[in-house]
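*Asks:* Sharing protein06.cif (mmCIF, C-alpha atoms) below.
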```
data_run
#
loop_
_atom_site.label_atom_id
_atom_site.label_comp_id
_atom_site.auth_asym_id
_atom_site.auth_seq_id
_atom_site.Cartn_x
_atom_site.Cartn_y
_atom_site.Cartn_z
CA MET A 1 -16.68 -9.58 8.98
CA HIS A 2 -14.61 -10.62 11.98
CA GLY A 3 -11.75 -8.87 13.78
CA THR A 4 -8.74 -10.91 14.80
CA THR A 5 -5.16 -10.57 16.01
CA VAL A 6 -2.17 -11.81 14.01
CA THR A 7 1.15 -12.06 15.83
CA THR A 8 4.31 -11.33 13.86
CA SER A 9 7.59 -13.24 14.13
CA ASP A 10 8.91 -10.61 16.55
CA GLY A 11 5.81 -10.87 18.75
CA PHE A 12 3.93 -7.75 17.65
CA PRO A 13 0.10 -8.08 17.62
CA LEU A 14 -1.45 -6.80 14.38
CA HIS A 15 -5.16 -6.11 14.09
CA ALA A 16 -6.76 -7.74 11.06
CA THR A 17 -10.30 -8.24 9.75
CA THR A 18 -11.56 -11.23 7.77
CA PHE A 19 -14.39 -11.21 5.24
CA GLY A 20 -15.99 -14.44 4.05
CA HIS A 21 -14.66 -17.90 4.78
CA GLY A 22 -11.42 -19.65 3.88
CA ALA A 23 -13.04 -23.04 3.48
CA GLY A 24 -14.55 -23.31 0.01
CA CYS A 25 -13.42 -19.86 -1.14
CA ARG A 26 -12.50 -19.18 -4.77
CA SER A 27 -9.19 -17.63 -3.73
CA ALA A 28 -7.85 -15.73 -0.74
CA VAL A 29 -7.09 -12.02 -1.02
CA LEU A 30 -4.82 -9.93 1.19
CA ILE A 31 -5.24 -6.15 0.89
CA ALA A 32 -2.00 -4.29 1.66
CA PRO A 33 -2.79 -0.65 2.56
CA ALA A 34 -1.39 2.61 1.30
CA MET A 35 0.89 4.71 3.51
CA GLY A 36 -0.97 5.83 6.63
CA VAL A 37 -4.33 4.44 5.48
CA GLU A 38 -6.28 2.40 8.02
CA GLN A 39 -7.85 -0.91 7.06
CA HIS A 40 -11.45 0.23 7.52
CA TYR A 41 -11.03 2.26 4.32
CA TYR A 42 -10.98 -1.03 2.37
CA ALA A 43 -13.93 -2.67 4.15
CA ALA A 44 -16.59 -2.00 1.53
CA PHE A 45 -14.47 -3.41 -1.28
CA ALA A 46 -13.39 -6.36 0.88
CA GLN A 47 -17.02 -7.17 1.66
CA TRP A 48 -17.92 -6.96 -2.02
CA LEU A 49 -15.12 -9.40 -2.88
CA ALA A 50 -16.33 -11.76 -0.14
CA GLU A 51 -19.77 -11.69 -1.73
CA GLN A 52 -18.13 -12.84 -4.97
CA GLY A 53 -16.77 -15.89 -3.15
CA PHE A 54 -13.31 -14.70 -2.11
CA PHE A 55 -11.85 -14.92 1.38
CA VAL A 56 -10.49 -11.45 2.08
CA VAL A 57 -8.26 -10.08 4.84
CA THR A 58 -7.43 -6.46 5.67
CA PHE A 59 -4.99 -5.27 8.33
CA ASP A 60 -3.23 -2.28 9.85
CA TYR A 61 0.56 -2.03 9.76
CA ARG A 62 2.12 -1.69 13.22
CA GLY A 63 1.70 1.84 14.54
CA ILE A 64 -1.35 2.47 12.32
CA GLY A 65 -5.05 2.30 13.21
CA HIS A 66 -5.93 -0.57 15.52
CA SER A 67 -2.34 -1.85 15.37
CA ARG A 68 -1.23 1.25 17.27
CA PRO A 69 -0.41 0.22 20.86
CA SER A 70 -2.43 1.86 23.63
CA GLN A 71 0.68 3.45 25.15
CA HIS A 72 1.26 5.24 21.84
CA ARG A 73 -2.28 6.50 21.25
CA ARG A 74 -1.31 10.09 21.91
CA SER A 75 2.19 9.99 20.44
CA LEU A 76 4.33 7.63 18.36
CA ARG A 77 7.53 9.04 19.83
CA GLY A 78 9.87 6.13 20.51
CA PHE A 79 7.81 3.65 18.47
CA ASP A 80 10.26 1.45 16.55
CA ALA A 81 9.26 0.62 12.96
CA ASP A 82 10.19 1.45 9.38
CA VAL A 83 8.79 0.41 6.00
CA MET A 84 11.07 -2.63 5.92
CA THR A 85 9.57 -3.73 9.23
CA TRP A 86 6.10 -3.48 7.73
CA ALA A 87 7.16 -5.61 4.76
CA LYS A 88 9.45 -8.16 6.41
CA ARG A 89 7.49 -8.65 9.64
CA ASP A 90 3.92 -7.44 9.23
CA CYS A 91 3.21 -8.45 5.65
CA ALA A 92 5.02 -11.75 6.08
CA ALA A 93 2.82 -12.60 9.07
CA MET A 94 -0.30 -11.63 7.15
CA VAL A 95 0.64 -13.80 4.16
CA GLU A 96 1.13 -16.78 6.48
CA PHE A 97 -2.19 -16.07 8.19
CA VAL A 98 -4.08 -15.88 4.91
CA ALA A 99 -2.40 -18.95 3.42
CA ALA A 100 -3.15 -21.02 6.53
CA ARG A 101 -6.86 -20.24 6.22
CA ALA A 102 -7.14 -20.51 2.46
CA ALA A 103 -7.34 -24.31 2.51
CA GLY A 104 -4.92 -24.65 -0.39
CA ARG A 105 -6.54 -21.96 -2.52
CA PRO A 106 -4.37 -19.35 -4.28
CA VAL A 107 -3.31 -16.33 -2.25
CA LEU A 108 -3.73 -13.03 -4.11
CA TRP A 109 -2.31 -9.64 -3.18
CA ILE A 110 -4.04 -6.30 -3.69
CA GLY A 111 -1.63 -3.44 -3.08
CA HIS A 112 -2.90 0.12 -2.84
CA SER A 113 -0.11 2.64 -3.48
CA LEU A 114 2.60 1.60 -0.95
CA GLY A 115 1.00 -1.85 -0.79
CA GLY A 116 1.90 -2.42 -4.42
CA GLN A 117 5.47 -1.23 -3.91
CA ILE A 118 6.66 -3.60 -1.19
CA LEU A 119 5.83 -7.17 -2.26
CA PRO A 120 9.47 -7.95 -3.25
CA LEU A 121 10.56 -7.02 0.28
CA VAL A 122 8.26 -9.66 1.83
CA PRO A 123 10.33 -12.79 2.61
CA ASN A 124 7.53 -15.29 1.87
CA ARG A 125 6.24 -13.53 -1.26
CA GLU A 126 6.46 -16.80 -3.23
CA ARG A 127 3.17 -17.79 -1.57
CA VAL A 128 1.43 -15.01 -3.53
CA CYS A 129 0.12 -16.18 -6.91
CA ALA A 130 -0.87 -12.83 -8.44
CA MET A 131 -0.85 -9.14 -7.54
CA LEU A 132 -3.29 -6.37 -8.39
CA THR A 133 -1.82 -2.90 -7.86
CA VAL A 134 -4.11 0.11 -7.47
CA ALA A 135 -2.75 3.65 -7.94
CA SER A 136 0.68 2.25 -7.17
CA GLY A 137 3.82 3.91 -8.48
CA SER A 138 7.27 5.08 -7.50
CA GLY A 139 7.26 7.83 -4.91
CA TYR A 140 10.07 9.79 -6.59
CA TRP A 141 9.01 13.36 -5.92
CA LEU A 142 10.13 14.96 -9.19
CA GLN A 143 7.87 12.53 -11.06
CA ASN A 144 4.84 13.22 -8.85
CA ALA A 145 1.77 14.82 -10.40
CA LEU A 146 2.64 18.42 -11.25
CA LYS A 147 0.24 20.03 -8.75
CA LEU A 148 1.72 17.97 -5.94
CA ARG A 149 5.39 18.80 -6.43
CA MET A 150 5.49 22.06 -4.50
CA ILE A 151 3.53 20.49 -1.63
CA VAL A 152 5.88 17.52 -1.60
CA TRP A 153 8.93 19.83 -1.63
CA TRP A 154 7.57 21.48 1.52
CA LEU A 155 6.83 18.07 3.05
CA TRP A 156 10.24 16.51 2.44
CA PHE A 157 12.53 19.48 2.98
CA VAL A 158 10.72 21.40 5.70
CA LEU A 159 7.75 19.77 7.42
CA VAL A 160 9.14 16.26 7.96
CA PRO A 161 12.62 17.26 9.24
CA VAL A 162 11.19 19.90 11.58
CA SER A 163 8.41 17.60 12.85
CA LEU A 164 10.82 14.80 13.65
CA ARG A 165 12.96 17.15 15.71
CA LEU A 166 9.97 18.58 17.58
CA TYR A 167 7.79 15.50 18.08
CA GLY A 168 9.97 12.43 17.47
CA TYR A 169 7.48 11.11 14.89
CA PHE A 170 5.39 12.55 12.05
CA PRO A 171 2.05 13.87 13.44
CA GLY A 172 0.30 13.76 10.08
CA ARG A 173 -3.20 13.98 11.54
CA ARG A 174 -2.36 17.38 12.97
CA PHE A 175 -1.17 18.58 9.57
CA ARG A 176 -3.88 16.70 7.63
CA LYS A 177 -1.20 14.96 5.59
CA VAL A 178 -0.78 11.18 5.27
CA GLY A 179 -1.58 10.40 8.92
CA ASP A 180 0.55 9.77 12.00
CA LEU A 181 3.67 7.79 11.09
CA PRO A 182 6.54 6.36 13.16
CA ALA A 183 9.82 8.25 12.76
CA GLY A 184 11.52 5.26 11.12
CA VAL A 185 8.76 4.94 8.54
CA ILE A 186 8.74 8.58 7.45
CA ARG A 187 12.55 8.80 7.42
CA GLN A 188 12.91 5.75 5.20
CA TRP A 189 10.05 6.75 2.93
CA ARG A 190 11.54 10.24 2.55
CA ARG A 191 14.92 8.80 1.51
CA TRP A 192 13.23 6.61 -1.09
CA CYS A 193 11.11 9.45 -2.46
CA LEU A 194 14.15 11.69 -2.95
CA HIS A 195 15.91 9.08 -5.11
CA ARG A 196 15.16 8.84 -8.83
CA ASP A 197 14.92 5.04 -8.63
CA TYR A 198 12.99 5.12 -5.36
CA VAL A 199 13.49 2.04 -3.16
CA VAL A 200 15.65 0.07 -5.61
CA GLY A 201 17.95 3.05 -6.08
CA PHE A 202 18.38 3.95 -2.44
CA GLU A 203 18.55 0.41 -1.03
CA GLY A 204 21.03 -0.83 -3.66
CA GLU A 205 21.55 -3.60 -6.20
CA ALA A 206 20.43 -6.45 -3.96
CA THR A 207 17.02 -4.80 -3.63
CA ARG A 208 16.87 -4.08 -7.36
CA ARG A 209 17.46 -7.78 -7.98
CA ARG A 210 14.65 -8.71 -5.58
CA TYR A 211 12.22 -6.70 -7.70
CA ALA A 212 13.55 -8.16 -10.95
CA GLN A 213 13.21 -11.70 -9.55
CA VAL A 214 9.47 -11.36 -8.93
CA THR A 215 7.61 -13.52 -11.48
CA THR A 216 4.15 -13.03 -9.97
CA PRO A 217 1.67 -11.84 -12.65
CA ILE A 218 0.64 -8.22 -12.09
CA LEU A 219 -2.35 -6.13 -13.13
CA SER A 220 -1.84 -2.41 -12.61
CA LEU A 221 -4.88 -0.14 -12.38
CA SER A 222 -3.93 3.53 -12.51
CA PHE A 223 -5.95 6.67 -13.11
CA THR A 224 -5.33 9.70 -15.29
CA ASP A 225 -6.60 12.08 -12.60
CA ASP A 226 -4.49 10.62 -9.77
CA GLU A 227 -3.47 13.67 -7.78
CA PHE A 228 -0.32 11.93 -6.48
CA MET A 229 0.95 9.43 -9.04
CA SER A 230 1.81 10.48 -12.58
CA ARG A 231 2.11 8.09 -15.50
CA ALA A 232 5.89 8.30 -15.02
CA ASN A 233 5.56 7.20 -11.37
CA ILE A 234 3.37 4.25 -12.35
CA GLU A 235 5.60 3.09 -15.19
CA SER A 236 8.78 3.53 -13.15
CA LEU A 237 7.60 1.27 -10.32
CA HIS A 238 6.28 -1.46 -12.58
CA GLY A 239 9.49 -1.30 -14.59
CA PHE A 240 11.31 -2.55 -11.48
CA TYR A 241 9.18 -5.74 -11.78
CA SER A 242 11.05 -6.62 -14.96
CA GLY A 243 10.66 -10.39 -14.56
CA ALA A 244 6.90 -10.38 -13.99
CA PRO A 245 4.13 -10.56 -16.61
CA ARG A 246 2.49 -7.12 -16.40
CA GLU A 247 -0.81 -5.78 -17.68
CA MET A 248 -1.11 -2.02 -17.39
CA GLN A 249 -4.58 -0.45 -17.45
CA ARG A 250 -4.70 3.33 -17.28
CA ILE A 251 -8.24 4.52 -16.73
CA SER A 252 -9.74 7.95 -17.32
CA PRO A 253 -12.84 9.02 -15.36
CA ARG A 254 -14.42 9.67 -18.75
CA ASP A 255 -14.00 5.96 -19.60
CA ILE A 256 -16.53 5.03 -16.93
CA GLY A 257 -18.72 8.14 -17.09
CA VAL A 258 -17.65 9.86 -13.86
CA ARG A 259 -16.00 13.17 -12.99
CA GLY A 260 -13.15 11.79 -10.97
CA ILE A 261 -11.44 8.73 -9.49
CA GLY A 262 -8.14 9.96 -8.08
CA HIS A 263 -5.62 8.22 -5.87
CA PHE A 264 -8.15 6.95 -3.35
CA GLY A 265 -11.37 6.68 -5.32
CA PHE A 266 -11.19 3.06 -6.47
CA PHE A 267 -12.15 1.69 -3.05
CA ARG A 268 -15.28 3.83 -2.65
CA LYS A 269 -18.70 2.16 -2.97
CA ARG A 270 -19.70 4.32 -5.91
CA PHE A 271 -17.38 2.27 -8.11
CA ALA A 272 -18.99 -1.08 -7.22
CA ASP A 273 -20.61 -1.32 -10.67
CA THR A 274 -17.72 0.00 -12.75
CA LEU A 275 -14.21 -0.48 -11.41
CA TRP A 276 -14.75 -3.27 -8.91
CA PRO A 277 -15.99 -5.85 -11.46
CA ARG A 278 -12.89 -5.16 -13.57
CA ALA A 279 -10.71 -6.13 -10.62
CA GLY A 280 -12.94 -9.02 -9.60
CA ALA A 281 -12.84 -10.59 -13.05
CA TRP A 282 -9.03 -10.52 -13.11
CA LEU A 283 -8.78 -11.99 -9.62
CA ALA A 284 -11.25 -14.71 -10.55
CA ALA A 285 -8.83 -15.97 -13.19
CA TRP A 286 -6.60 -17.11 -10.34
CA THR A 287 -9.26 -19.43 -8.89
CA ARG A 288 -8.51 -23.07 -8.40
#
```
Reformat the file's structure so that it appears as structure tokens.
*Replies:*
Amino acid sequence: MHGTTVTTSDGFPLHATTFGHGAGCRSAVLIAPAMGVEQHYYAAFAQWLAEQGFFVVTFDYRGIGHSRPSQHRRSLRGFDADVMTWAKRDCAAMVEFVAARAAGRPVLWIGHSLGGQILPLVPNRERVCAMLTVASGSGYWLQNALKLRMIVWWLWFVLVPVSLRLYGYFPGRRFRKVGDLPAGVIRQWRRWCLHRDYVVGFEGEATRRRYAQVTTPILSLSFTDDEFMSRANIESLHGFYSGAPREMQRISPRDIGVRGIGHFGFFRKRFADTLWPRAGAWLAAWTR
């Protein structure tokens, strides 16, 4: 495991961590995080994949975790970024970084939640050979899991607008929701989540076409006890990928003999003998 800095096309330094070695790897894997989730959350799974012979890279989007500039440690007020920036600048730089070190091996994408939503927005996405999405669905709030809807109503119509006026960013750590997010990120995400067709609906027909033009094979892993994403959310998002071969696996905790998995559970070490091999076997099919 080695920390490194990846510089984006607009000169922003992203913090990334590599696991394993590019030379001689089976394939290279880039893990694209969920909204507000720092890369260390994926370290155990990344290390496990490296032990299976993959070269794996995790990273923090700008403004998150170790990619949060020192002058913005206390506050993200005035920090300029939105979700499109993360996709078009940050993810694009990470794809180039991974491909350059993969020694001609396939580049694979694992997208957790938001990470599985934004591949079509990445300008060099054609370098990605296959995508595994984990608990990734549309963020449309009226399709969210039933227990979440009232919380999300409060988030989108009260907490976020008031917070942006008071703080100039979303101080999620203070509220124990999502995490600290730049104003541009939370504003854009909110607009998407309030639209029935999420990003493709709000951003227009050109964006809808970008999703439909993706031909990258996709495996979706979703969970019946996901406290955020309902089946409708999952199916809606993957329906936007209308041109891609899609395999949808919906897993119940009962299927693997556990009490719960949830939106974040997949990446926890306790699933190293159950869920992780399922993902590893699919990724291994894209080995050259």
*Asks:* Which residues of region 80-152 of chain A have any atom within 8 Å of an atom in region 181-201 of chain A when counting only C-alpha atoms, and what is the closest pair of atoms for each, with the distance in Å to one decimal? Order the rows by chain and rising number and write it as a Markdown table.
*Replies:*
```
| residue | atom | partner | partner_atom | distance |
| --- | --- | --- | --- | --- |
| A:Asp80 | CA | A:Gly184 | CA | 6.8 |
| A:Ala81 | CA | A:Gly184 | CA | 5.5 |
| A:Asp82 | CA | A:Val185 | CA | 3.9 |
| A:Val83 | CA | A:Val185 | CA | 5.2 |
| A:Ser138 | CA | A:Tyr198 | CA | 6.1 |
| A:Gly139 | CA | A:Cys193 | CA | 4.8 |
| A:Tyr140 | CA | A:Cys193 | CA | 4.3 |
| A:Trp141 | CA | A:Cys193 | CA | 5.6 |
| A:Leu142 | CA | A:Arg196 | CA | 7.9 |
```
*Asks:* Rounded to one decimal place, report the CA of Trp48 (chain A)-CA of Ser67 (chain A) distance in Å.
*Replies:*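 Here the two named atoms are 23.9 Å from each other.
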*Asks:* For this file, the PyMOL selection byres ((chain A and resi 119) around 9) selects which residues, as number ranges by chain?
*Replies:* A: 87, 91, 109, 111, 115-118, 120-123, 125, 131, 211, 214
*Asks:* From the options A:Leu132, A:Ile64, A:Val6, A:Ala100, which residue's atoms come nearest to Gly280 (chain A), counting all atoms listed in the file?
*Replies:*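 Once distances to Gly280 (chain A) are computed over all atoms listed in the file, the minimum belongs to A:Leu132.
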*Asks:* Between A:Gln71, A:Thr7, A:Thr58, A:Ser220, which residue has the minimum interatomic distance to Gly137 (chain A), considering only C-alpha atoms?
*Replies:*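 Of the candidates, the smallest distance to Gly137 (chain A) is held by A:Ser220.
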*Asks:* Run the PyMOL selection byres ((chain A and resi 167-178) around 12) against the file shown and list the residues it catches, as a PyMOL selection string.
*Replies:* chain A and resi 34-38+63-65+72-82+114+151-152+154-156+159-166+179-187+189-190+228
*Asks:* Hey, what comes out of the PyMOL selection byres ((chain A and resi 252) around 8) on this file? Could you write it as JSON, numbers by chain?
*Replies:* {"A": [223, 224, 225, 250, 251, 253, 254, 255, 256]}
*Asks:* Which one of A:Val57, A:Val95, A:Ala232, A:Ala285 sits closest to Phe45 (chain A) if you count only C-alpha atoms?
*Replies:*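 Of the candidates, the smallest distance to Phe45 (chain A) is held by A:Val57.
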